[in-house]
Amino acid sequence: MSQPQVIYEKGELLYEGKAKRLYKVVGHDDLIWQEFKDSLTAFNAQKKGSFEDKGAINREICGILYTSLEKAGVPTHRVALQSVNAEVTRRLSMVKLELVVRNVLAGSTAKKFAIEEGRALSRPLVEFYYKDDALADPFVSDDQAIMIGAAQSQVELNELKQFALRVNEVLCAVMVRAGLRLIDFKIEVGRDSQGRLVLGDEISPDTCRLWDEKSGEKLDKDRFRRDLGGVREAYMDVLQRLKQTQVG
Ligand code: TMP
Ligand code: ASP
């Protein structure tokens, strides 16, 4: 017998971010209604844009990736799909750090060390950024993360690193099947009521660098950041590839 579907009702707006709106779920204080917007921003929202169906495309990409991660034992915040661009998620106590994993040097870390983009790393690099828009999410060392209170201890930071590396393993395998190289990505994590680490926010071409494995063509938000054109086409290409190579 199939389970009766729970009907959720969207409540009041809690928070509007750069790419998502978060609402209460009526009668469920432990849940959040997450809506993906069609807008995209870069450089801490100094550059703004949008394209048609962007929210729905990113929601679907994220859905495929989170399903793969859940199958591999990585808990995510997803509860129930509500529409093409909205889902009900678990409310988490968010860690005030962005976790970035790099397999290949690109973006800010390539620039920081004046190394040409594209150098493969012998092992994945995990970096922490302090989540604070007013400070433009600065890089923090492990000790700085503890000093500012974003983590309690080195043990917790090590747990975050292991979590990020596990996400990397799963995502790399998914992307390889889709003919994509996962250059780097950012995730946001939180803790559930039992203190378990859970993947929140989203993973999409907004939050990853994805290069075509043969041509090296960029198929992510760098097309928008760097005015390369074909932003929507690139996001659609990623979605089609992931759909075609989805297992199970
Ligand atoms: P970075 O090279 O600019 O530091 O970015 C590393 C990765 O993190 C890249 O895949 C893009 C992603 N990212 C975000 O998702 N949000 C951000 O605010 C930034 C700066 C990067
Ligand atoms: N996410 C940041 C912004 O929206 C930075 C970026 O992705 O480049 O401005």
# chains A, B, ... in the order shown; residues from 1 in each chain; ligands from 1
$ select_by_dssp --residues "range 100-192 of chain A" --states "strand (DSSP E)" --output "NGL selection string"
:A and (100-104 or 120-130 or 139-140 or 180-191)
$ closest_atom_pairs --of "chain A" --to "ligand 2" --cutoff "10 Å" --atoms "only C-alpha atoms and all ligand atoms" --output "Markdown table"
| residue | atom | partner | partner_atom_place_in_ligand_line | distance |
| --- | --- | --- | --- | --- |
| A:Gly17 | CA | ligand 2 | 4 (O) | 8.9 |
| A:Lys18 | CA | ligand 2 | 4 (O) | 5.9 |
| A:Ala19 | CA | ligand 2 | 4 (O) | 7.6 |
| A:Ser39 | CA | ligand 2 | 4 (O) | 9.6 |
| A:Leu40 | CA | ligand 2 | 4 (O) | 6.6 |
| A:Thr41 | CA | ligand 2 | 4 (O) | 4.0 |
| A:Ala42 | CA | ligand 2 | 9 (O) | 3.4 |
| A:Phe43 | CA | ligand 2 | 9 (O) | 4.1 |
| A:Asn44 | CA | ligand 2 | 9 (O) | 3.0 |
| A:Ala45 | CA | ligand 2 | 9 (O) | 3.7 |
| A:Gln46 | CA | ligand 2 | 9 (O) | 6.5 |
| A:Lys47 | CA | ligand 2 | 9 (O) | 7.0 |
| A:Lys48 | CA | ligand 2 | 9 (O) | 8.1 |
| A:Gly107 | CA | ligand 2 | 8 (O) | 9.4 |
| A:Ser108 | CA | ligand 2 | 8 (O) | 9.9 |
| A:Asp133 | CA | ligand 2 | 9 (O) | 9.0 |
| A:Ala136 | CA | ligand 2 | 2 (C) | 8.6 |
| A:Asp137 | CA | ligand 2 | 2 (C) | 9.0 |
| A:Lys186 | CA | ligand 2 | 7 (O) | 9.5 |
| A:Pro205 | CA | ligand 2 | 7 (O) | 9.8 |
| A:Asp206 | CA | ligand 2 | 7 (O) | 6.4 |
| A:Thr207 | CA | ligand 2 | 7 (O) | 6.7 |
| A:Cys208 | CA | ligand 2 | 7 (O) | 9.1 |
| A:Lys221 | CA | ligand 2 | 7 (O) | 7.2 |
| A:Asp222 | CA | ligand 2 | 8 (O) | 7.9 |
| A:Phe224 | CA | ligand 2 | 8 (O) | 9.1 |
| A:Arg225 | CA | ligand 2 | 8 (O) | 6.6 |
| A:Arg226 | CA | ligand 2 | 8 (O) | 10.0 |
$ select_by_dssp --residues "range 7-125 of chain A" --states "helix (DSSP H, G or I)" --output "number ranges by chain"
A: 54-71, 107-112
$ write_last_selection --atoms "N, CA, C and O atoms" --output "short mmCIF file (atom, residue, chain, number, x, y, z; two decimals), in the first residue's frame"
data_model
loop_
_atom_site.label_atom_id
_atom_site.label_comp_id
_atom_site.auth_asym_id
_atom_site.auth_seq_id
_atom_site.Cartn_x
_atom_site.Cartn_y
_atom_site.Cartn_z
N LYS A 54 15.76 29.17 -14.52
CA LYS A 54 17.01 28.86 -13.82
C LYS A 54 16.73 28.15 -12.48
O LYS A 54 17.41 27.19 -12.13
N GLY A 55 15.71 28.64 -11.77
CA GLY A 55 15.38 28.03 -10.48
C GLY A 55 15.00 26.56 -10.65
O GLY A 55 15.45 25.69 -9.89
N ALA A 56 14.17 26.28 -11.65
CA ALA A 56 13.72 24.90 -11.89
C ALA A 56 14.89 24.01 -12.34
O ALA A 56 15.00 22.85 -11.93
N ILE A 57 15.76 24.56 -13.19
CA ILE A 57 16.91 23.78 -13.68
C ILE A 57 17.84 23.43 -12.51
O ILE A 57 18.23 22.27 -12.33
N ASN A 58 18.16 24.43 -11.68
CA ASN A 58 19.05 24.16 -10.55
C ASN A 58 18.40 23.22 -9.54
O ASN A 58 19.08 22.37 -8.96
N ARG A 59 17.11 23.37 -9.33
CA ARG A 59 16.42 22.48 -8.38
C ARG A 59 16.52 21.04 -8.88
O ARG A 59 16.76 20.11 -8.09
N GLU A 60 16.35 20.86 -10.19
CA GLU A 60 16.38 19.49 -10.72
C GLU A 60 17.80 18.91 -10.69
O GLU A 60 17.99 17.73 -10.34
N ILE A 61 18.78 19.73 -11.02
CA ILE A 61 20.18 19.27 -10.94
C ILE A 61 20.50 18.88 -9.50
O ILE A 61 21.03 17.80 -9.22
N CYS A 62 20.14 19.76 -8.58
CA CYS A 62 20.41 19.50 -7.17
C CYS A 62 19.69 18.22 -6.72
O CYS A 62 20.27 17.41 -5.98
N GLY A 63 18.47 18.03 -7.20
CA GLY A 63 17.71 16.84 -6.84
C GLY A 63 18.43 15.56 -7.25
O GLY A 63 18.52 14.60 -6.47
N ILE A 64 18.95 15.54 -8.46
CA ILE A 64 19.67 14.35 -8.95
C ILE A 64 20.93 14.11 -8.09
O ILE A 64 21.21 12.98 -7.67
N LEU A 65 21.66 15.18 -7.81
CA LEU A 65 22.90 15.03 -7.04
C LEU A 65 22.61 14.59 -5.61
O LEU A 65 23.29 13.72 -5.06
N TYR A 66 21.58 15.18 -5.00
CA TYR A 66 21.26 14.82 -3.60
C TYR A 66 20.74 13.38 -3.52
O TYR A 66 20.99 12.70 -2.54
N THR A 67 20.03 12.92 -4.56
CA THR A 67 19.58 11.52 -4.56
C THR A 67 20.80 10.59 -4.57
O THR A 67 20.86 9.62 -3.82
N SER A 68 21.79 10.90 -5.41
CA SER A 68 23.01 10.08 -5.45
C SER A 68 23.73 10.11 -4.10
O SER A 68 24.22 9.09 -3.63
N LEU A 69 23.79 11.28 -3.50
CA LEU A 69 24.48 11.39 -2.21
C LEU A 69 23.74 10.61 -1.12
O LEU A 69 24.36 9.90 -0.33
N GLU A 70 22.41 10.71 -1.12
CA GLU A 70 21.62 9.96 -0.11
C GLU A 70 21.86 8.46 -0.28
O GLU A 70 22.04 7.74 0.69
N LYS A 71 21.85 8.01 -1.56
CA LYS A 71 22.07 6.57 -1.81
C LYS A 71 23.44 6.13 -1.30
O LYS A 71 23.63 4.98 -0.91
N GLY A 107 39.83 29.49 -9.96
CA GLY A 107 39.17 30.52 -9.16
C GLY A 107 40.09 31.19 -8.15
O GLY A 107 41.26 31.45 -8.44
N SER A 108 39.56 31.43 -6.95
CA SER A 108 40.26 32.30 -5.99
C SER A 108 41.59 31.72 -5.52
O SER A 108 42.54 32.48 -5.29
N THR A 109 41.69 30.39 -5.38
CA THR A 109 42.94 29.82 -4.87
C THR A 109 44.03 29.83 -5.94
O THR A 109 45.22 30.04 -5.65
N ALA A 110 43.64 29.64 -7.21
CA ALA A 110 44.61 29.74 -8.30
C ALA A 110 45.15 31.18 -8.35
O ALA A 110 46.36 31.42 -8.47
N LYS A 111 44.24 32.15 -8.20
CA LYS A 111 44.61 33.57 -8.25
C LYS A 111 45.54 33.93 -7.07
O LYS A 111 46.55 34.60 -7.24
N LYS A 112 45.16 33.43 -5.89
CA LYS A 112 45.91 33.74 -4.67
C LYS A 112 47.39 33.35 -4.79
O LYS A 112 48.27 34.06 -4.33
#
$ residues_around --residues "Arg209 in chain A" --least-positions-apart "3" --cutoff "6 Å" --atoms "only C-alpha atoms" --output "list of chain:residue names"
A:Ile183, A:Asp184, A:Asp220
$ write_last_selection --atoms "N, CA, C and O atoms" --output "PDB file, in the first residue's frame"
ATOM      1  N   ILE A 183      35.779  20.308 -10.900  1.00  0.00           N
ATOM      2  CA  ILE A 183      36.987  21.084 -10.576  1.00  0.00           C
ATOM      3  C   ILE A 183      36.985  21.460  -9.096  1.00  0.00           C
ATOM      4  O   ILE A 183      37.942  21.221  -8.379  1.00  0.00           O
ATOM      5  N   ASP A 184      35.870  22.054  -8.660  1.00  0.00           N
ATOM      6  CA  ASP A 184      35.715  22.423  -7.239  1.00  0.00           C
ATOM      7  C   ASP A 184      34.238  22.646  -6.949  1.00  0.00           C
ATOM      8  O   ASP A 184      33.406  22.665  -7.866  1.00  0.00           O
ATOM      9  N   ASP A 220      29.368  26.060 -16.054  1.00  0.00           N
ATOM     10  CA  ASP A 220      28.965  26.470 -14.702  1.00  0.00           C
ATOM     11  C   ASP A 220      28.874  27.988 -14.633  1.00  0.00           C
ATOM     12  O   ASP A 220      28.989  28.660 -15.653  1.00  0.00           O
TER      13      ASP A 220
END
$ closest_residue --among "A:Ile187, A:Leu197, A:Glu233, A:Val174" --to "Thr245 in chain A" --atoms "only C-alpha atoms"
A:Val174
$ residues_around --residues "Gln82 in chain A" --least-positions-apart "6" --cutoff "10 Å" --atoms "only C-alpha atoms" --output "MDAnalysis selection string"
chainID A and resid 7:10 33:35 88
$ write_last_selection --atoms "N, CA and C atoms" --output "PDB file, in the first residue's frame"
ATOM      1  N   ILE A   7       0.511  16.779   2.806  1.00  0.00           N
ATOM      2  CA  ILE A   7       0.343  18.059   2.111  1.00  0.00           C
ATOM      3  C   ILE A   7       0.951  19.157   2.984  1.00  0.00           C
ATOM      4  N   TYR A   8       1.875  19.906   2.403  1.00  0.00           N
ATOM      5  CA  TYR A   8       2.502  21.008   3.137  1.00  0.00           C
ATOM      6  C   TYR A   8       1.979  22.342   2.614  1.00  0.00           C
ATOM      7  N   GLU A   9       1.878  23.302   3.542  1.00  0.00           N
ATOM      8  CA  GLU A   9       1.414  24.635   3.140  1.00  0.00           C
ATOM      9  C   GLU A   9       2.523  25.645   3.387  1.00  0.00           C
ATOM     10  N   LYS A  10       2.779  26.449   2.350  1.00  0.00           N
ATOM     11  CA  LYS A  10       3.831  27.460   2.460  1.00  0.00           C
ATOM     12  C   LYS A  10       3.419  28.547   3.444  1.00  0.00           C
ATOM     13  N   TRP A  33      10.440  25.676   3.708  1.00  0.00           N
ATOM     14  CA  TRP A  33      10.033  25.613   2.297  1.00  0.00           C
ATOM     15  C   TRP A  33      11.095  26.371   1.504  1.00  0.00           C
ATOM     16  N   GLN A  34      11.816  25.686   0.636  1.00  0.00           N
ATOM     17  CA  GLN A  34      12.944  26.298  -0.088  1.00  0.00           C
ATOM     18  C   GLN A  34      12.593  26.459  -1.563  1.00  0.00           C
ATOM     19  N   GLU A  35      12.625  27.703  -2.019  1.00  0.00           N
ATOM     20  CA  GLU A  35      12.264  27.997  -3.412  1.00  0.00           C
ATOM     21  C   GLU A  35      13.494  28.514  -4.155  1.00  0.00           C
ATOM     22  N   VAL A  88      10.312  21.004   0.231  1.00  0.00           N
ATOM     23  CA  VAL A  88      10.311  21.138   1.682  1.00  0.00           C
ATOM     24  C   VAL A  88      11.568  20.456   2.197  1.00  0.00           C
TER      25      VAL A  88
END
$ residues_around --residues "Arg191 in chain A" --least-positions-apart "3" --cutoff "7 Å" --atoms "only C-alpha atoms" --output "PDB file with all heavy atoms, in the first residue's frame"
ATOM      1  N   LEU A  92      17.750  22.998   9.782  1.00  0.00           N
ATOM      2  CA  LEU A  92      18.991  22.561  10.428  1.00  0.00           C
ATOM      3  C   LEU A  92      19.594  23.717  11.209  1.00  0.00           C
ATOM      4  O   LEU A  92      19.327  24.883  10.919  1.00  0.00           O
ATOM      5  CB  LEU A  92      20.010  22.121   9.363  1.00  0.00           C
ATOM      6  CG  LEU A  92      19.573  21.026   8.394  1.00  0.00           C
ATOM      7  CD1 LEU A  92      20.625  20.860   7.295  1.00  0.00           C
ATOM      8  CD2 LEU A  92      19.353  19.707   9.133  1.00  0.00           C
ATOM      9  N   SER A  93      20.416  23.382  12.153  1.00  0.00           N
ATOM     10  CA  SER A  93      21.220  24.393  12.814  1.00  0.00           C
ATOM     11  C   SER A  93      22.493  24.519  11.972  1.00  0.00           C
ATOM     12  O   SER A  93      23.345  23.628  11.977  1.00  0.00           O
ATOM     13  CB  SER A  93      21.508  23.910  14.234  1.00  0.00           C
ATOM     14  OG  SER A  93      22.502  24.697  14.783  1.00  0.00           O
ATOM     15  N   MET A  94      22.574  25.606  11.197  1.00  0.00           N
ATOM     16  CA  MET A  94      23.618  25.678  10.169  1.00  0.00           C
ATOM     17  C   MET A  94      24.997  25.986  10.766  1.00  0.00           C
ATOM     18  O   MET A  94      25.136  26.814  11.671  1.00  0.00           O
ATOM     19  CB  MET A  94      23.275  26.751   9.120  1.00  0.00           C
ATOM     20  CG  MET A  94      22.018  26.462   8.312  1.00  0.00           C
ATOM     21  SD  MET A  94      22.005  24.838   7.502  1.00  0.00           S
ATOM     22  CE  MET A  94      23.256  25.057   6.223  1.00  0.00           C
ATOM     23  N   GLY A 195      22.118  16.139  16.326  1.00  0.00           N
ATOM     24  CA  GLY A 195      23.502  16.591  16.212  1.00  0.00           C
ATOM     25  C   GLY A 195      24.240  15.991  15.032  1.00  0.00           C
ATOM     26  O   GLY A 195      25.453  16.165  14.883  1.00  0.00           O
ATOM     27  N   ARG A 196      23.500  15.299  14.173  1.00  0.00           N
ATOM     28  CA  ARG A 196      24.108  14.664  12.996  1.00  0.00           C
ATOM     29  C   ARG A 196      24.374  15.705  11.909  1.00  0.00           C
ATOM     30  O   ARG A 196      23.531  16.579  11.678  1.00  0.00           O
ATOM     31  CB  ARG A 196      23.085  13.664  12.430  1.00  0.00           C
ATOM     32  CG  ARG A 196      23.617  12.286  12.184  1.00  0.00           C
ATOM     33  CD  ARG A 196      22.523  11.326  11.770  1.00  0.00           C
ATOM     34  NE  ARG A 196      21.392  11.912  11.052  1.00  0.00           N
ATOM     35  CZ  ARG A 196      20.810  11.361   9.992  1.00  0.00           C
ATOM     36  NH1 ARG A 196      21.275  10.239   9.501  1.00  0.00           N
ATOM     37  NH2 ARG A 196      19.765  11.928   9.423  1.00  0.00           N
ATOM     38  N   LEU A 197      25.513  15.596  11.216  1.00  0.00           N
ATOM     39  CA  LEU A 197      25.794  16.522  10.111  1.00  0.00           C
ATOM     40  C   LEU A 197      24.907  16.183   8.917  1.00  0.00           C
ATOM     41  O   LEU A 197      24.807  15.006   8.531  1.00  0.00           O
ATOM     42  CB  LEU A 197      27.246  16.404   9.667  1.00  0.00           C
ATOM     43  CG  LEU A 197      28.288  17.283  10.349  1.00  0.00           C
ATOM     44  CD1 LEU A 197      29.625  17.098   9.668  1.00  0.00           C
ATOM     45  CD2 LEU A 197      27.881  18.758  10.324  1.00  0.00           C
ATOM     46  N   VAL A 198      24.303  17.199   8.330  1.00  0.00           N
ATOM     47  CA  VAL A 198      23.386  17.014   7.201  1.00  0.00           C
ATOM     48  C   VAL A 198      23.734  18.056   6.138  1.00  0.00           C
ATOM     49  O   VAL A 198      24.021  19.212   6.456  1.00  0.00           O
ATOM     50  CB  VAL A 198      21.913  17.203   7.658  1.00  0.00           C
ATOM     51  CG1 VAL A 198      20.952  17.106   6.490  1.00  0.00           C
ATOM     52  CG2 VAL A 198      21.545  16.202   8.745  1.00  0.00           C
TER      53      VAL A 198
END
$ closest_residue --among "A:Val6, A:Leu242, A:Leu135, A:Val95" --to "Ala80 in chain A" --atoms "only C-alpha atoms"
A:Val6
$ residues_around --residues "Val140 in chain A" --least-positions-apart "4" --cutoff "7 Å" --atoms "only C-alpha atoms" --output "JSON, numbers by chain"
{"A": [128, 129, 130, 144, 145]}
